[in-house]
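Down below is the structure, laid out as structure tokens.
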Amino acid sequence: MIHDDGDSIHLMRAAEIPATLDGLAEFNVQNALGAVAMAYAQGIPMNVIRMALSTFSTSFEQSPGRLNVFDGHGFRIILDYAHNPAGLQALGDLILKMRPRHRRVIGMINIPGDRRDDMREMGALATRYFDEIIFREDPARRGRKRGEIVALLAEGALAAGYPEDRITRILEEDQAADLCLRRAQPGDLIVLTPTDVEAMWQQVLDFRAVPSTSFDVEVDRTEEVAGGWRRSA
């Protein structure tokens, strides 16, 4: 609705805007409201505003790294650049609304190295939304030791009471994403928060599931983390 000098003008339903995912993504409802207000104030005709909103989606082509959805592998993948607690919470609110439609939710989470206390907070926050969490290292360590970021993220999750056996620590982005994709089963929701958006989207498109009875790469990898070395469990 547009409210102008006492008049209320119906524009369109939020669910008619593809970027809101049927109105579930409240942060994109808010973004649409801001866009409408600016366009209307500049005298853009109502039909043009409606057309623009109804044809803009969160596709990779139109909005790379921002709520890109892929359903081509038998499970749903969301790729979104949520690299701080506020971003993850906004995305998490959407995940909670989508959860009844999915069997499990697996998340790959990271954060740049200069976020101070946000790292433990980010790890704790992730426990609200995911059945399994893969913490991975952001290449922007910004002065932190190799492995320190994933250690702090996991520390926050464990302090929130999240089970150790549902946490995996992997340093490399592509390996972490590959593990998420290989663990996925029909009906699952996989959430990837990339640093290299283009490369990870291509990794999603190129993914081909390989039948396996084990995760040999996962269980046999020794990772360097802050304070020493640990073997992934």
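The way I read the labels, and the way they are meant: chains A, B, ... in the order of the structure tokens, residue 1 as the first residue of every chain, and ligand 1 as the first ligand shown, with later ones counted on from there.
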Task: For Leu192 (chain A): contacts at 7 Å, only C-alpha atoms, fewer than 3 positions along chain excluded, given as an NGL selection string - done: :A and (78-80 or 107-108 or 177)
Expected file contents, prior selection, N, CA, C and O atoms, as a tab-separated table (two decimals), in the first residue's frame:
chain	number	residue	atom	x	y	z
A	78	ILE	N	19.88	-22.86	-1.04
A	78	ILE	CA	19.85	-21.40	-0.97
A	78	ILE	C	21.28	-20.91	-0.83
A	78	ILE	O	22.03	-21.35	0.05
A	79	LEU	N	21.66	-20.01	-1.71
A	79	LEU	CA	22.98	-19.39	-1.66
A	79	LEU	C	22.78	-17.92	-1.30
A	79	LEU	O	22.08	-17.20	-2.01
A	80	ASP	N	23.35	-17.51	-0.18
A	80	ASP	CA	23.12	-16.15	0.29
A	80	ASP	C	24.35	-15.65	1.05
A	80	ASP	O	24.92	-16.37	1.86
A	107	GLY	N	23.57	-26.24	7.07
A	107	GLY	CA	24.11	-24.91	6.78
A	107	GLY	C	25.62	-24.88	6.76
A	107	GLY	O	26.29	-25.52	7.58
A	108	MET	N	26.17	-24.14	5.80
A	108	MET	CA	27.60	-23.84	5.75
A	108	MET	C	27.78	-22.39	6.17
A	108	MET	O	27.30	-21.48	5.49
A	177	ALA	N	31.45	-26.68	0.90
A	177	ALA	CA	30.24	-26.70	0.08
A	177	ALA	C	30.01	-28.09	-0.50
A	177	ALA	O	28.88	-28.58	-0.55
TODO: With a distance cut-off of 9 Å and only C-alpha atoms, select the neighbouring residues of region 201-207 of chain A, excluding the residue or stretch itself and same-chain residues fewer than 2 positions from it, and output the selection as a ChimeraX atom specification.
DONE: /A:60,64-65,68,70,72-73,77,79,174,177-178,181-182,194,196-199,209
TODO: Extract, using only C-alpha atoms, all DNA, RNA and protein residues at most 8 Å from Ile167 (chain A), discarding same-chain residues fewer than 3 positions from it, and format them as a VMD selection string.
DONE: chain A and resid 132 to 135 154 163 to 164
Could you save the residues just selected, with C-alpha atoms, as a PDB file, in the first residue's frame?
ATOM      1  CA  GLU A 132      23.830 -29.886  10.866  1.00  0.00           C
ATOM      2  CA  ILE A 133      26.430 -27.123  10.620  1.00  0.00           C
ATOM      3  CA  ILE A 134      29.615 -26.986   8.575  1.00  0.00           C
ATOM      4  CA  PHE A 135      31.798 -24.143   9.825  1.00  0.00           C
ATOM      5  CA  ALA A 154      32.292 -23.815  16.843  1.00  0.00           C
ATOM      6  CA  PRO A 163      25.934 -31.320  19.882  1.00  0.00           C
ATOM      7  CA  GLU A 164      29.570 -31.716  18.846  1.00  0.00           C
TER       8      GLU A 164
END
- [ ] Enumerate as JSON, numbers by chain all residues of region 31-131 of chain A assigned to alpha helix (DSSP H) by DSSP on the backbone, naming them with the chain letters and numbers the document uses.
- [x] {"A": [31, 32, 33, 34, 35, 36, 37, 38, 39, 40, 41, 46, 47, 48, 49, 50, 51, 52, 53, 54, 55, 85, 86, 87, 88, 89, 90, 91, 92, 93, 94, 95, 96, 97, 98, 118, 119, 120, 121, 122, 123, 124, 125, 126]}
- [ ] Enumerate, as a PyMOL selection string, the complete set of residues in region 7-202 of chain A that a backbone-based DSSP assignment places in strand (DSSP E).
- [x] chain A and resi 7-9+68-70+76-79+105-109+132-136+167-170+189-192
Let me see the file: selected residues, N, CA, C and O atoms, as a compact mmCIF listing (two decimals), in the first residue's frame.
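Wrote it out as result35.txt, contents follow:
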# COMPACT_ATOMS: atom_id res chain seq x y z
N ASP A 7 -4.59 9.43 1.44
CA ASP A 7 -5.08 8.42 0.49
C ASP A 7 -4.29 7.12 0.66
O ASP A 7 -3.06 7.14 0.87
N SER A 8 -4.98 5.99 0.54
CA SER A 8 -4.34 4.68 0.57
C SER A 8 -4.51 4.03 -0.79
O SER A 8 -5.64 3.81 -1.25
N ILE A 9 -3.40 3.76 -1.44
CA ILE A 9 -3.42 3.23 -2.81
C ILE A 9 -2.90 1.80 -2.79
O ILE A 9 -1.77 1.54 -2.34
N ASN A 68 19.73 -16.66 -3.68
CA ASN A 68 19.61 -17.45 -4.91
C ASN A 68 19.15 -18.86 -4.56
O ASN A 68 19.71 -19.50 -3.67
N VAL A 69 18.13 -19.35 -5.26
CA VAL A 69 17.53 -20.65 -4.96
C VAL A 69 17.75 -21.58 -6.15
O VAL A 69 17.54 -21.20 -7.31
N PHE A 70 18.16 -22.83 -5.85
CA PHE A 70 18.35 -23.83 -6.89
C PHE A 70 17.69 -25.12 -6.45
O PHE A 70 17.93 -25.61 -5.35
N ARG A 76 16.61 -28.61 -2.13
CA ARG A 76 16.68 -27.16 -2.35
C ARG A 76 17.98 -26.59 -1.80
O ARG A 76 18.44 -26.96 -0.71
N ILE A 77 18.57 -25.69 -2.58
CA ILE A 77 19.79 -24.99 -2.16
C ILE A 77 19.51 -23.51 -2.13
O ILE A 77 18.94 -22.95 -3.08
N ILE A 78 19.88 -22.86 -1.04
CA ILE A 78 19.85 -21.40 -0.97
C ILE A 78 21.28 -20.91 -0.83
O ILE A 78 22.03 -21.35 0.05
N LEU A 79 21.66 -20.01 -1.71
CA LEU A 79 22.98 -19.39 -1.66
C LEU A 79 22.78 -17.92 -1.30
O LEU A 79 22.08 -17.20 -2.01
N VAL A 105 17.73 -29.36 7.52
CA VAL A 105 18.36 -28.13 7.06
C VAL A 105 19.83 -28.18 7.44
O VAL A 105 20.18 -28.35 8.62
N ILE A 106 20.69 -28.10 6.44
CA ILE A 106 22.14 -28.14 6.63
C ILE A 106 22.72 -26.80 6.22
O ILE A 106 22.41 -26.27 5.15
N GLY A 107 23.57 -26.24 7.07
CA GLY A 107 24.11 -24.91 6.78
C GLY A 107 25.62 -24.88 6.76
O GLY A 107 26.29 -25.52 7.58
N MET A 108 26.17 -24.14 5.80
CA MET A 108 27.60 -23.84 5.75
C MET A 108 27.78 -22.39 6.17
O MET A 108 27.30 -21.48 5.49
N ILE A 109 28.46 -22.17 7.28
CA ILE A 109 28.51 -20.85 7.91
C ILE A 109 29.96 -20.39 8.04
O ILE A 109 30.85 -21.17 8.38
N GLU A 132 22.40 -29.63 10.93
CA GLU A 132 23.83 -29.89 10.87
C GLU A 132 24.51 -28.59 10.42
O GLU A 132 23.96 -27.86 9.59
N ILE A 133 25.71 -28.35 10.96
CA ILE A 133 26.43 -27.12 10.62
C ILE A 133 27.84 -27.47 10.17
O ILE A 133 28.55 -28.23 10.84
N ILE A 134 28.23 -26.92 9.03
CA ILE A 134 29.61 -26.99 8.58
C ILE A 134 30.20 -25.58 8.72
O ILE A 134 29.78 -24.65 8.01
N PHE A 135 31.10 -25.42 9.67
CA PHE A 135 31.80 -24.14 9.83
C PHE A 135 33.03 -24.17 8.94
O PHE A 135 33.81 -25.14 8.99
N ARG A 136 33.21 -23.14 8.17
CA ARG A 136 34.38 -23.11 7.29
C ARG A 136 35.08 -21.76 7.43
O ARG A 136 34.52 -20.79 7.90
N ILE A 167 28.53 -30.92 14.25
CA ILE A 167 29.39 -29.83 13.79
C ILE A 167 30.56 -30.41 13.01
O ILE A 167 31.17 -31.38 13.43
N THR A 168 30.85 -29.82 11.85
CA THR A 168 32.04 -30.17 11.08
C THR A 168 32.84 -28.90 10.84
O THR A 168 32.27 -27.86 10.52
N ARG A 169 34.15 -28.98 10.97
CA ARG A 169 35.04 -27.85 10.74
C ARG A 169 35.87 -28.14 9.50
O ARG A 169 36.62 -29.12 9.47
N ILE A 170 35.76 -27.30 8.49
CA ILE A 170 36.53 -27.44 7.26
C ILE A 170 37.05 -26.06 6.88
O ILE A 170 36.30 -25.08 6.93
N LEU A 189 17.08 -29.04 2.79
CA LEU A 189 17.39 -27.66 2.45
C LEU A 189 18.85 -27.41 2.80
O LEU A 189 19.25 -27.61 3.96
N ILE A 190 19.64 -27.00 1.83
CA ILE A 190 21.06 -26.73 2.02
C ILE A 190 21.27 -25.22 1.90
O ILE A 190 20.87 -24.61 0.90
N VAL A 191 21.89 -24.63 2.90
CA VAL A 191 22.13 -23.18 2.91
C VAL A 191 23.63 -22.95 2.84
O VAL A 191 24.38 -23.39 3.72
N LEU A 192 24.07 -22.27 1.79
CA LEU A 192 25.48 -21.97 1.58
C LEU A 192 25.70 -20.46 1.67
O LEU A 192 25.01 -19.70 1.00
Open item on the list: Neighbouring residues of Ala86 (chain A) were defined as those with any atom within 12 Å, considering only C-alpha atoms; residues of the same chain fewer than 2 positions away were excluded. Please report them as number ranges by chain.
Closed with: A: 27, 81-84, 88-93, 111, 118, 121-122, 125-126
- [ ] Please indicate the distance in Å from CA of Ala41 (chain A) to CA of His10 (chain A), rounded to one decimal place.
- [x]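 Interatomic distance, CA of Ala41 (chain A) to CA of His10 (chain A): 15.7 Å.
Restricting the calculation to only C-alpha atoms, the smallest distance between Val48 (chain A) and any of A:Leu94, A:Val29, A:Leu67, A:Leu11 is found for A:Leu11.
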Open item on the list: List as a VMD selection string the protein and nucleic acid residues near Ala124 (chain A), meaning an atom at most 8 Å away when only C-alpha atoms are counted, but skip any in the same chain fewer than 2 places from it.
Closed with: chain A and resid 120 to 122 126 to 128 153 156 to 160
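With CA of Asp138 (chain A) on one side and CA of Arg166 (chain A) on the other, the separation reads 20.2 Å.
Taking CA of Lys97 (chain A) and CA of Ala25 (chain A) as endpoints, the distance between them is 8.9 Å.
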Open item on the list: So, with only C-alpha atoms as the atoms that count, which of A:Leu33, A:Ala14, A:Val150, A:Ala19 lies closest to Glu173 (chain A)?
Closed with: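 Going through A:Leu33, A:Ala14, A:Val150, A:Ala19 one by one, the smallest distance to Glu173 (chain A) is for A:Val150.
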TODO: For region 186-188 of chain A, please output as a PyMOL selection string all residues within 7 Å (counting only C-alpha atoms; exclusion window: fewer than 6 positions along the same chain).
DONE: chain A and resi 74-76+102-105
